[in-house]
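File shown: upload_28.tsv. Contents: TSV, C-alpha atoms.
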```tsv
chain	number	residue	atom	x	y	z
U	711	MET	CA	-22.40	46.03	-9.59
U	712	LYS	CA	-20.81	46.47	-6.15
U	713	PHE	CA	-22.33	43.18	-5.01
U	714	ARG	CA	-20.90	41.36	-8.04
U	715	TYR	CA	-17.47	42.83	-7.34
U	716	ILE	CA	-17.56	41.66	-3.71
U	717	LEU	CA	-18.74	38.22	-4.81
U	718	PHE	CA	-15.87	38.03	-7.31
U	719	ILE	CA	-13.32	38.93	-4.63
U	720	LEU	CA	-14.72	36.31	-2.25
U	721	LEU	CA	-14.64	33.64	-4.94
U	722	CYS	CA	-11.03	34.43	-5.83
U	723	SER	CA	-10.06	34.30	-2.16
U	724	PHE	CA	-11.67	30.88	-1.77
U	725	ILE	CA	-9.80	29.52	-4.78
U	726	LEU	CA	-6.47	30.82	-3.47
U	727	ILE	CA	-7.05	29.34	-0.03
U	728	PHE	CA	-8.02	25.99	-1.56
U	729	LYS	CA	-5.10	25.92	-3.96
U	730	PHE	CA	-2.47	26.60	-1.31
U	731	SER	CA	-3.90	24.30	1.36
U	732	TRP	CA	-3.15	20.91	-0.23
U	733	GLY	CA	0.52	21.07	0.82
U	734	LYS	CA	-0.34	22.12	4.35
U	735	SER	CA	1.78	20.74	7.17
U	736	TYR	CA	-0.23	19.03	9.89
U	737	LYS	CA	1.48	19.36	13.28
U	738	ASP	CA	-1.46	19.25	15.66
U	739	VAL	CA	-0.71	16.38	18.05
U	740	ASP	CA	-4.37	16.22	19.10
U	741	SER	CA	-5.32	15.37	15.52
U	742	GLN	CA	-3.03	12.34	15.30
U	743	ILE	CA	-4.50	8.92	14.56
U	744	SER	CA	-3.02	6.05	16.57
U	745	PHE	CA	-2.02	2.60	15.36
U	746	ARG	CA	-0.08	-0.21	16.95
U	747	GLU	CA	1.75	-1.04	13.71
U	748	VAL	CA	2.56	1.25	10.79
U	749	TRP	CA	4.16	-0.52	7.84
U	750	GLY	CA	6.05	1.03	4.96
U	751	TYR	CA	7.21	-0.61	1.74
U	752	LEU	CA	10.69	0.40	0.64
U	753	MET	CA	11.97	-0.38	-2.84
U	754	ARG	CA	15.49	-1.72	-3.24
U	755	GLY	CA	17.55	1.14	-4.65
U	756	GLU	CA	15.37	3.82	-3.03
U	757	GLU	CA	16.84	3.60	0.47
U	758	LYS	CA	17.83	7.26	0.48
U	759	LEU	CA	14.19	8.29	0.11
U	760	PHE	CA	13.29	6.89	3.52
U	761	ILE	CA	12.48	9.52	6.14
U	762	LYS	CA	13.96	8.25	9.38
U	763	GLU	CA	11.61	10.42	11.44
U	764	ALA	CA	8.54	8.76	9.95
U	765	PRO	CA	6.52	6.74	12.50
U	766	ILE	CA	7.17	3.41	10.77
U	767	THR	CA	7.29	0.30	12.94
U	768	ASP	CA	7.93	-2.21	10.14
U	769	ILE	CA	9.87	-1.78	6.90
U	770	PHE	CA	9.04	-4.17	4.07
U	771	TYR	CA	12.00	-4.40	1.72
U	772	PHE	CA	10.72	-4.91	-1.84
U	773	SER	CA	11.71	-7.35	-3.07
U	774	ALA	CA	13.34	-10.71	-3.72
U	775	SER	CA	11.47	-11.83	-6.80
U	776	VAL	CA	11.02	-15.43	-7.85
U	777	ASN	CA	13.09	-16.08	-10.97
U	778	GLU	CA	12.34	-18.32	-13.93
U	779	ASN	CA	13.86	-21.28	-12.10
U	780	GLY	CA	11.64	-20.79	-9.08
U	781	ARG	CA	14.47	-19.51	-6.88
U	782	ILE	CA	15.17	-16.21	-5.12
U	783	ASN	CA	18.34	-14.26	-4.47
U	784	THR	CA	19.38	-15.31	-0.96
U	785	SER	CA	22.20	-12.73	-0.80
U	786	VAL	CA	19.76	-9.85	-0.18
U	787	ASN	CA	20.66	-7.96	3.00
U	788	PRO	CA	18.55	-5.58	5.11
U	789	PRO	CA	19.01	-1.97	3.96
U	790	PHE	CA	19.77	-0.47	7.38
U	791	THR	CA	18.49	-0.45	10.94
U	792	PRO	CA	17.05	3.02	11.53
U	793	ALA	CA	15.12	4.03	14.61
U	794	PHE	CA	12.18	6.33	15.18
U	795	ALA	CA	10.74	7.91	18.31
U	796	GLY	CA	8.92	4.71	19.24
U	797	GLY	CA	11.92	2.40	19.00
U	798	LYS	CA	13.79	0.13	16.60
U	799	GLN	CA	12.04	-0.86	13.40
U	800	ARG	CA	11.49	-4.43	12.28
U	801	ILE	CA	12.63	-5.22	8.75
U	802	HIS	CA	10.91	-7.80	6.57
U	803	LEU	CA	11.83	-9.13	3.14
U	804	VAL	CA	9.08	-9.34	0.53
U	805	ILE	CA	9.16	-12.44	-1.68
U	806	SER	CA	7.26	-11.54	-4.83
U	807	ASP	CA	5.81	-12.67	-8.09
U	808	LEU	CA	3.30	-10.20	-9.48
U	809	SER	CA	2.39	-11.30	-12.98
U	810	ASN	CA	3.50	-14.80	-13.93
U	811	PRO	CA	0.85	-17.49	-13.29
U	812	SER	CA	2.81	-20.23	-15.06
U	813	ARG	CA	5.77	-19.57	-12.77
U	814	MET	CA	3.48	-19.74	-9.76
U	815	HIS	CA	2.13	-23.08	-11.00
U	816	LEU	CA	5.70	-24.37	-11.29
U	817	CYS	CA	6.70	-23.18	-7.81
U	818	LEU	CA	3.64	-24.16	-5.81
U	819	ASN	CA	3.09	-27.72	-7.01
U	820	LYS	CA	5.27	-30.45	-5.49
U	821	LYS	CA	5.44	-32.58	-8.61
U	822	TYR	CA	7.86	-30.23	-10.41
U	823	GLY	CA	10.57	-30.39	-7.74
U	824	VAL	CA	10.96	-26.61	-7.56
U	825	ARG	CA	8.85	-25.91	-4.48
U	826	TYR	CA	11.31	-27.54	-2.04
U	827	HIS	CA	14.17	-25.30	-3.14
U	828	LEU	CA	12.07	-22.13	-2.96
U	829	LEU	CA	11.02	-22.95	0.60
U	830	LYS	CA	14.66	-23.56	1.52
U	831	ASP	CA	15.69	-20.27	-0.09
U	832	ILE	CA	13.10	-18.35	1.91
U	833	GLU	CA	14.08	-20.11	5.12
U	834	GLU	CA	17.74	-19.25	4.50
U	835	VAL	CA	17.22	-15.57	3.70
U	836	SER	CA	14.84	-15.13	6.65
U	837	ALA	CA	17.80	-15.42	9.02
U	838	LYS	CA	18.78	-11.85	8.12
U	839	PHE	CA	15.33	-10.34	8.62
U	840	ASP	CA	12.68	-10.03	11.30
U	841	GLY	CA	10.15	-11.57	8.96
U	842	VAL	CA	9.22	-12.42	5.39
U	843	GLN	CA	6.17	-11.54	3.36
U	844	ILE	CA	4.69	-13.55	0.51
U	845	ASP	CA	3.33	-11.33	-2.26
U	846	PHE	CA	2.20	-13.79	-4.92
U	847	GLU	CA	-0.33	-11.88	-7.01
U	848	ALA	CA	-0.50	-14.22	-10.01
U	849	VAL	CA	-1.84	-17.39	-8.39
U	850	GLU	CA	-4.65	-18.92	-10.43
U	851	ASN	CA	-7.66	-20.81	-9.09
U	852	GLN	CA	-6.22	-24.16	-10.12
U	853	ASP	CA	-3.27	-23.52	-7.79
U	854	GLY	CA	-5.27	-22.16	-4.87
U	855	ARG	CA	-4.99	-25.31	-2.77
U	856	ALA	CA	-1.26	-25.63	-3.51
U	857	PHE	CA	-0.79	-22.00	-2.45
U	858	ILE	CA	-2.40	-22.63	0.94
U	859	VAL	CA	-0.30	-25.76	1.53
U	860	PHE	CA	2.82	-23.80	0.50
U	861	LEU	CA	2.04	-21.14	3.11
U	862	ARG	CA	1.50	-23.77	5.80
U	863	ASP	CA	4.78	-25.49	5.03
U	864	LEU	CA	6.60	-22.16	4.94
U	865	LYS	CA	5.23	-21.17	8.33
U	866	LYS	CA	6.41	-24.48	9.79
U	867	SER	CA	9.89	-24.06	8.30
U	868	LEU	CA	10.52	-20.55	9.61
U	869	PRO	CA	12.44	-20.21	12.89
U	870	HIS	CA	10.46	-19.34	15.99
U	871	GLY	CA	9.87	-15.61	16.26
U	872	LYS	CA	10.05	-14.92	12.51
U	873	THR	CA	6.95	-13.11	11.29
U	874	LEU	CA	5.19	-14.50	8.24
U	875	SER	CA	2.90	-12.03	6.51
U	876	VAL	CA	0.93	-12.38	3.30
U	877	ALA	CA	-0.20	-9.60	0.97
U	878	ILE	CA	-3.59	-10.24	-0.61
U	879	PRO	CA	-5.81	-8.35	-3.08
U	880	ALA	CA	-8.70	-6.18	-1.94
U	881	LYS	CA	-12.19	-7.72	-1.98
U	882	ARG	CA	-15.59	-6.46	-0.91
U	883	VAL	CA	-17.53	-9.70	-1.23
U	884	ASP	CA	-16.79	-13.40	-1.57
U	885	VAL	CA	-15.36	-14.19	-4.98
U	886	ASN	CA	-14.00	-17.33	-6.58
U	887	ASP	CA	-10.27	-16.76	-6.27
U	888	PRO	CA	-7.30	-18.46	-4.56
U	889	TYR	CA	-6.99	-15.82	-1.81
U	890	ASP	CA	-9.21	-17.10	0.98
U	891	TYR	CA	-8.95	-14.41	3.67
U	892	THR	CA	-10.03	-16.68	6.52
U	893	VAL	CA	-7.76	-19.60	5.68
U	894	ILE	CA	-4.72	-17.42	4.97
U	895	SER	CA	-5.19	-15.49	8.21
U	896	ARG	CA	-5.16	-18.76	10.20
U	897	ILE	CA	-1.68	-19.48	8.83
U	898	ALA	CA	0.00	-16.07	8.67
U	899	ASP	CA	0.96	-13.84	11.59
U	900	ARG	CA	-0.23	-10.78	9.67
U	901	VAL	CA	-2.29	-10.24	6.53
U	902	LEU	CA	-1.99	-7.05	4.50
U	903	VAL	CA	-5.01	-6.20	2.36
U	904	MET	CA	-3.84	-4.18	-0.64
U	905	ALA	CA	-6.66	-1.65	-0.53
U	906	TYR	CA	-5.49	0.34	-3.55
U	907	ASP	CA	-5.62	0.10	-7.34
U	908	GLN	CA	-9.39	0.42	-7.28
U	909	HIS	CA	-8.62	1.85	-10.70
U	910	TRP	CA	-5.36	0.68	-12.21
U	911	SER	CA	-3.00	1.30	-15.09
U	912	THR	CA	-5.17	-0.30	-17.77
U	913	SER	CA	-8.59	0.63	-16.38
U	914	LYS	CA	-10.56	3.77	-17.08
U	915	PRO	CA	-9.51	6.78	-14.94
U	916	GLY	CA	-10.84	6.81	-11.40
U	917	PRO	CA	-9.77	7.04	-7.76
U	918	VAL	CA	-6.89	4.85	-6.65
U	919	ALA	CA	-8.70	4.10	-3.38
U	920	SER	CA	-11.93	5.99	-2.71
U	921	LEU	CA	-13.15	6.18	0.88
U	922	THR	CA	-16.44	4.45	0.02
U	923	TRP	CA	-14.65	1.55	-1.68
U	924	CYS	CA	-12.06	1.25	1.11
U	925	LYS	CA	-14.75	1.07	3.77
U	926	GLU	CA	-16.39	-1.84	1.96
U	927	VAL	CA	-13.00	-3.57	1.66
U	928	ALA	CA	-12.27	-3.05	5.37
U	929	ALA	CA	-15.71	-4.28	6.40
U	930	TYR	CA	-15.28	-7.50	4.40
U	931	ALA	CA	-11.71	-8.02	5.63
U	932	SER	CA	-12.63	-7.53	9.28
U	933	LYS	CA	-15.26	-10.28	9.04
U	934	ASN	CA	-12.61	-12.76	7.91
U	935	ILE	CA	-9.38	-11.59	9.54
U	936	SER	CA	-8.90	-10.84	13.24
U	937	ARG	CA	-8.15	-7.27	14.28
U	938	LYS	CA	-4.73	-8.32	15.61
U	939	LYS	CA	-3.67	-9.78	12.26
U	940	LEU	CA	-5.32	-7.37	9.84
U	941	ILE	CA	-3.22	-4.63	8.21
U	942	MET	CA	-5.00	-2.27	5.81
U	943	GLY	CA	-2.89	-0.99	2.93
U	944	LEU	CA	-3.00	2.60	1.65
U	945	PRO	CA	-1.49	4.23	-1.45
U	946	LEU	CA	1.07	7.02	-1.25
U	947	TYR	CA	0.97	7.51	-5.02
U	948	GLY	CA	-1.32	9.15	-7.49
U	949	ARG	CA	-2.17	7.82	-10.94
U	950	GLU	CA	-2.26	9.64	-14.25
U	951	TRP	CA	-4.08	8.41	-17.34
U	952	GLY	CA	-3.49	9.80	-20.82
U	953	VAL	CA	-4.28	8.93	-24.42
U	954	GLN	CA	-3.79	5.54	-26.11
U	955	GLY	CA	-3.63	3.61	-22.84
U	956	TYR	CA	-0.86	5.69	-21.30
U	957	SER	CA	-0.72	5.54	-17.50
U	958	ARG	CA	1.83	6.10	-14.75
U	959	SER	CA	2.02	6.32	-10.98
U	960	LEU	CA	3.17	9.65	-9.55
U	961	ARG	CA	5.00	10.85	-6.46
U	962	TRP	CA	3.79	13.81	-4.41
U	963	ASN	CA	6.25	16.28	-5.97
U	964	GLN	CA	5.04	15.28	-9.45
U	965	VAL	CA	1.41	15.61	-8.36
U	966	ASN	CA	2.10	19.05	-6.90
U	967	GLU	CA	3.51	20.23	-10.24
U	968	LEU	CA	0.39	19.08	-12.05
U	969	LEU	CA	-1.90	20.73	-9.50
U	970	ASN	CA	-0.17	24.03	-10.23
U	971	ARG	CA	-0.47	23.87	-14.02
U	972	ASP	CA	-2.23	26.85	-15.56
U	973	ASP	CA	-4.52	24.60	-17.58
U	974	ALA	CA	-5.44	22.30	-14.67
U	975	VAL	CA	-9.14	21.83	-13.98
U	976	ILE	CA	-9.41	20.63	-10.39
U	977	GLU	CA	-12.19	18.77	-8.62
U	978	TYR	CA	-11.96	17.61	-5.02
U	979	SER	CA	-13.82	15.48	-2.50
U	980	LEU	CA	-12.85	13.70	0.71
U	981	ASP	CA	-14.16	10.48	-0.81
U	982	GLU	CA	-12.03	10.50	-3.98
U	983	GLY	CA	-9.36	13.11	-3.27
U	984	PHE	CA	-8.15	15.20	-6.19
U	985	LYS	CA	-9.31	14.71	-9.75
U	986	VAL	CA	-7.26	16.88	-12.09
U	987	MET	CA	-7.72	17.19	-15.85
U	988	TYR	CA	-5.27	18.97	-18.12
U	989	ASN	CA	-3.62	19.12	-21.55
U	990	GLU	CA	-5.39	19.99	-24.79
U	991	ASN	CA	-9.01	18.81	-24.75
U	992	MET	CA	-8.47	17.60	-21.17
U	993	THR	CA	-6.90	14.35	-22.44
U	994	SER	CA	-4.96	13.66	-19.21
U	995	THR	CA	-6.54	12.81	-15.86
U	996	LEU	CA	-4.93	12.49	-12.43
U	997	TYR	CA	-6.37	11.06	-9.21
U	998	TYR	CA	-4.57	11.58	-5.93
U	999	ASP	CA	-5.36	11.39	-2.22
U	1000	ASP	CA	-4.05	14.39	-0.31
U	1001	ILE	CA	-3.48	14.33	3.47
U	1002	LYS	CA	-7.09	15.27	4.21
U	1003	ALA	CA	-8.46	12.39	2.15
U	1004	THR	CA	-5.89	9.98	3.61
U	1005	ARG	CA	-6.84	11.11	7.11
U	1006	GLN	CA	-10.43	10.06	6.41
U	1007	LYS	CA	-9.28	6.57	5.50
U	1008	LEU	CA	-6.95	6.30	8.50
U	1009	THR	CA	-9.73	7.35	10.84
U	1010	MET	CA	-12.08	4.84	9.27
U	1011	TYR	CA	-9.50	2.03	9.36
U	1012	SER	CA	-8.86	2.62	13.06
U	1013	ASP	CA	-12.35	1.22	13.67
U	1014	TYR	CA	-11.36	-2.07	12.03
U	1015	THR	CA	-7.68	-2.63	12.78
U	1016	ALA	CA	-4.67	-1.49	14.77
U	1017	GLY	CA	-2.32	-1.64	11.78
U	1018	VAL	CA	-1.89	0.09	8.42
U	1019	GLY	CA	0.67	-0.25	5.63
U	1020	PHE	CA	1.79	2.27	2.98
U	1021	TRP	CA	2.81	1.57	-0.62
U	1022	ARG	CA	5.32	2.95	-1.05
U	1023	LEU	CA	7.85	4.99	0.94
U	1024	GLY	CA	9.46	7.91	-0.90
U	1025	MET	CA	6.30	8.81	-2.83
U	1026	GLU	CA	4.56	10.67	-0.02
U	1027	ASN	CA	3.95	14.23	1.07
U	1028	GLU	CA	6.21	14.21	4.16
U	1029	SER	CA	3.64	16.12	6.21
U	1030	LEU	CA	1.52	12.96	6.24
U	1031	TRP	CA	3.63	11.51	9.04
U	1032	ASN	CA	2.59	14.31	11.39
U	1033	ILE	CA	-0.96	12.95	11.65
U	1034	ILE	CA	0.03	9.38	12.60
U	1035	LYS	CA	1.05	8.16	16.05
U	1036	VAL	CA	2.38	4.77	17.05
U	1037	THR	CA	1.00	3.40	20.30
U	1038	GLY	CA	1.43	0.16	22.17
U	1039	GLY	CA	-2.30	-0.40	22.37
U	1040	GLY	CA	-4.78	-1.71	19.83
```

Represent the structure of the file as structure tokens.
Amino acid sequence: MKFRYILFILLCSFILIFKFSWGKSYKDVDSQISFREVWGYLMRGEEKLFIKEAPITDIFYFSASVNENGRINTSVNPPFTPAFAGGKQRIHLVISDLSNPSRMHLCLNKKYGVRYHLLKDIEEVSAKFDGVQIDFEAVENQDGRAFIVFLRDLKKSLPHGKTLSVAIPAKRVDVNDPYDYTVISRIADRVLVMAYDQHWSTSKPGPVASLTWCKEVAAYASKNISRKKLIMGLPLYGREWGVQGYSRSLRWNQVNELLNRDDAVIEYSLDEGFKVMYNENMTSTLYYDDIKATRQKLTMYSDYTAGVGFWRLGMENESLWNIIKVTGGG
């Protein structure tokens, strides 16, 4: 009986230590992971969420979206010019279309007369920024060649010294799609691989970016993109799935509330981070990478690249920034 009592006390102690450690602040300088470039995506309208002390070298202002006429808003201005311990940050404007393949077809093909004006719009707005990023996620195979030619023409049109970056989807093997890592990396100054949404809003529940999956993505990317140009993307959000197709992305403070629910059933691994189930009959599921799980990915990525990028600023546990250091090397 005494042995069972002692075992019960030890088990309770372990649970308490585990439960109160996920918000831990990491301040050990020796444990910092170094990168030459640390990117952060900042949504328009969320400027106040930016932590000026964060070790961010490049801010990507999201976004100037392509409208139905194939044009962008050229009146967009940089949000601010903050500084961090390592110096002044560069600010880039993201030009985006995430879900409209017919619009991409219209904009990328010369025969419709729209492409010229879009290139001119981007050239004009670039004057206010240190660089521009193309985030065209709805390009179809039939427009793959036109997309590459568009990127080449854009690069030629940008003033000297302006950085052109391209955001591309994560891949682990060669697939038949319009995002040729090798060709795009020959054109762009930087290429961000969006190594997140391993499981997405309409998929079954699962990790947003498991360590095993991310390592395969990084290995493939590094074979096709040079270390200098490669930027590996990481998620700062968690994702919740519910009944009838319900899904949403969550910030750290929302995740923390769910972790502390009385009915939460919590599983954890460094590979997948937190898996939390709750509500009646465990109908809701959350996946989230805490700082420990993110550290594993950062350490792994440092073997493949000198740059990482976070989607998106304002969603993070602020203690994350204590484990990252910006260096001039890489």

Problem - Exercise: residues within 12 Å of coordinate (7.6, -27.3, -8.2), counting only C-alpha atoms, as a VMD selection string - result: chain U and resid 778 to 781 812 to 829 853 856 to 857 860

Per residue of stretch 878-974 of chain U within 10 Å of stretch 835-849 of chain U, what are the shortest atom pair and its distance in Å to one decimal, counting only C-alpha atoms, with rows by chain and residue number, as a tab-separated table?
```
residue	atom	partner	partner_atom	distance
U:Ile878	CA	U:Asp845	CA	7.2
U:Pro879	CA	U:Glu847	CA	7.6
U:Asp887	CA	U:Val849	CA	8.7
U:Pro888	CA	U:Val849	CA	6.8
U:Tyr889	CA	U:Val849	CA	8.5
U:Ala898	CA	U:Gln843	CA	9.3
U:Asp899	CA	U:Gly841	CA	9.8
U:Arg900	CA	U:Gln843	CA	9.0
U:Val901	CA	U:Gln843	CA	9.1
U:Leu902	CA	U:Gln843	CA	9.4
```

Handout entry: For U:Arg937, the nearest of the candidates U:Ser895, U:Asn963, U:Ser994, U:Gln908, counting all atoms listed in the file
Key = U:Ser895

Practice task
Find the spatial neighbours of U:Asp999, counting all atoms listed in the file, within a cut-off of 8 Å - ignore same-chain residues fewer than 4 positions away - and output them as a PyMOL selection string.
Solution key: chain U and resi 946-948+982-984+1003-1004

Please write the residues from the selection above to a file, keeping C-alpha atoms, as a compact mmCIF listing (two decimals), keeping the file's coordinate frame.
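Writing done, so here's part.txt:
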```txt
# COMPACT_ATOMS: atom_id res chain seq x y z
CA LEU U 946 1.07 7.02 -1.25
CA TYR U 947 0.97 7.51 -5.02
CA GLY U 948 -1.32 9.15 -7.49
CA GLU U 982 -12.03 10.50 -3.98
CA GLY U 983 -9.36 13.11 -3.27
CA PHE U 984 -8.15 15.20 -6.19
CA ALA U 1003 -8.46 12.39 2.15
CA THR U 1004 -5.89 9.98 3.61
```

Completion exercise
Separating atom CA of U:Tyr997 from atom CA of U:Val975, to the nearest tenth of an Å, is a gap of 12.1 Å

Exercise for the section: May I have the protein, DNA and RNA residues with any atom at most 12 Å from the point (-4.6, 14.2, 0.4), counting all atoms listed in the file, written as a ChimeraX atom specification? Expected result: /U:731-736,918-921,944-948,962,965-966,978-985,997-1008,1026-1030,1033

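Of note, atom CA of U:Asp807 and atom CA of U:Lys762 are spaced 28.4 Å apart.
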
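With distances taken over all atoms listed in the file, U:Ser957 is the one residue among U:Ser957, U:Thr995, U:Asn970, U:Asn934 lying closest to U:Trp910.
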
Handout entry: Atomic distance atom CA of U:Gly1024 - atom CA of U:His802, expressed in Å with one decimal
Key = 17.5 Å

Handout entry: All residues 8 Å or closer to stretch 773-776 of chain U, all atoms listed in the file, same chain fewer than 4 positions away omitted, as a PyMOL selection string
Key = chain U and resi 753-754+780-783+786+803-807

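Closest to U:Ile858 among U:Val883, U:Ala974, U:Leu940, U:Ile894 is U:Ile894, based on all atoms listed in the file.
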
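For the set U:Lys914, U:Arg971, U:Lys938, U:Arg961, the residue with the smallest atom-to-atom gap to U:Thr1015 is U:Lys938, counting all atoms listed in the file.
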
Problem - Distance query U:Arg746 at most 12 Å, all atoms listed in the file, self and fewer than 6 positions along chain excluded, as a PyMOL selection string - result: chain U and resi 765-768+796+937-941+1012+1015-1019+1034-1040

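Of the listed residues (U:Lys830, U:Arg896, U:Lys866, U:His909), U:His909 comes nearest to U:Trp951; the distances count only C-alpha atoms.
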
Filled-in N, CA and C atoms of stretch 761-783 of chain U, supplied as a short mmCIF file (atom, residue, chain, number, x, y, z; two decimals), keeping the file's coordinate frame:
```
data_model
loop_
_atom_site.label_atom_id
_atom_site.label_comp_id
_atom_site.auth_asym_id
_atom_site.auth_seq_id
_atom_site.Cartn_x
_atom_site.Cartn_y
_atom_site.Cartn_z
N ILE U 761 12.41 8.45 5.13
CA ILE U 761 12.48 9.52 6.14
C ILE U 761 12.58 8.87 7.51
N LYS U 762 13.72 8.98 8.13
CA LYS U 762 13.96 8.25 9.38
C LYS U 762 13.04 8.71 10.52
N GLU U 763 12.50 9.91 10.40
CA GLU U 763 11.61 10.42 11.44
C GLU U 763 10.18 9.92 11.28
N ALA U 764 9.89 9.25 10.19
CA ALA U 764 8.54 8.76 9.95
C ALA U 764 8.17 7.69 10.99
N PRO U 765 6.93 7.70 11.47
CA PRO U 765 6.52 6.74 12.50
C PRO U 765 6.24 5.36 11.92
N ILE U 766 7.29 4.73 11.40
CA ILE U 766 7.17 3.41 10.77
C ILE U 766 7.69 2.36 11.74
N THR U 767 6.86 1.37 12.05
CA THR U 767 7.29 0.30 12.94
C THR U 767 7.91 -0.87 12.19
N ASP U 768 7.47 -1.06 10.93
CA ASP U 768 7.93 -2.21 10.14
C ASP U 768 8.24 -1.77 8.72
N ILE U 769 9.47 -2.06 8.27
CA ILE U 769 9.87 -1.78 6.90
C ILE U 769 9.81 -3.08 6.10
N PHE U 770 9.14 -3.01 4.95
CA PHE U 770 9.04 -4.17 4.07
C PHE U 770 9.89 -3.89 2.83
N TYR U 771 11.00 -4.62 2.75
CA TYR U 771 12.00 -4.40 1.72
C TYR U 771 11.57 -5.14 0.46
N PHE U 772 11.30 -4.38 -0.60
CA PHE U 772 10.72 -4.91 -1.84
C PHE U 772 11.76 -4.89 -2.95
N SER U 773 12.09 -6.03 -3.50
CA SER U 773 11.71 -7.35 -3.07
C SER U 773 12.75 -8.34 -3.57
N ALA U 774 12.61 -9.60 -3.13
CA ALA U 774 13.34 -10.71 -3.72
C ALA U 774 12.33 -11.44 -4.60
N SER U 775 12.46 -11.26 -5.89
CA SER U 775 11.47 -11.83 -6.80
C SER U 775 11.84 -13.26 -7.17
N VAL U 776 10.82 -14.04 -7.44
CA VAL U 776 11.02 -15.43 -7.85
C VAL U 776 11.46 -15.44 -9.31
N ASN U 777 12.59 -16.08 -9.59
CA ASN U 777 13.09 -16.08 -10.97
C ASN U 777 12.50 -17.23 -11.78
N GLU U 778 12.93 -17.34 -13.02
CA GLU U 778 12.34 -18.32 -13.93
C GLU U 778 12.59 -19.76 -13.49
N ASN U 779 13.56 -19.96 -12.61
CA ASN U 779 13.86 -21.28 -12.10
C ASN U 779 13.16 -21.57 -10.77
N GLY U 780 12.35 -20.61 -10.33
CA GLY U 780 11.64 -20.79 -9.08
C GLY U 780 12.50 -20.56 -7.86
N ARG U 781 13.56 -19.80 -7.99
CA ARG U 781 14.47 -19.51 -6.88
C ARG U 781 14.49 -18.00 -6.60
N ILE U 782 15.00 -17.62 -5.45
CA ILE U 782 15.17 -16.21 -5.12
C ILE U 782 16.63 -15.93 -4.78
N ASN U 783 16.99 -14.68 -4.81
CA ASN U 783 18.34 -14.26 -4.47
C ASN U 783 18.49 -14.25 -2.94
#
```
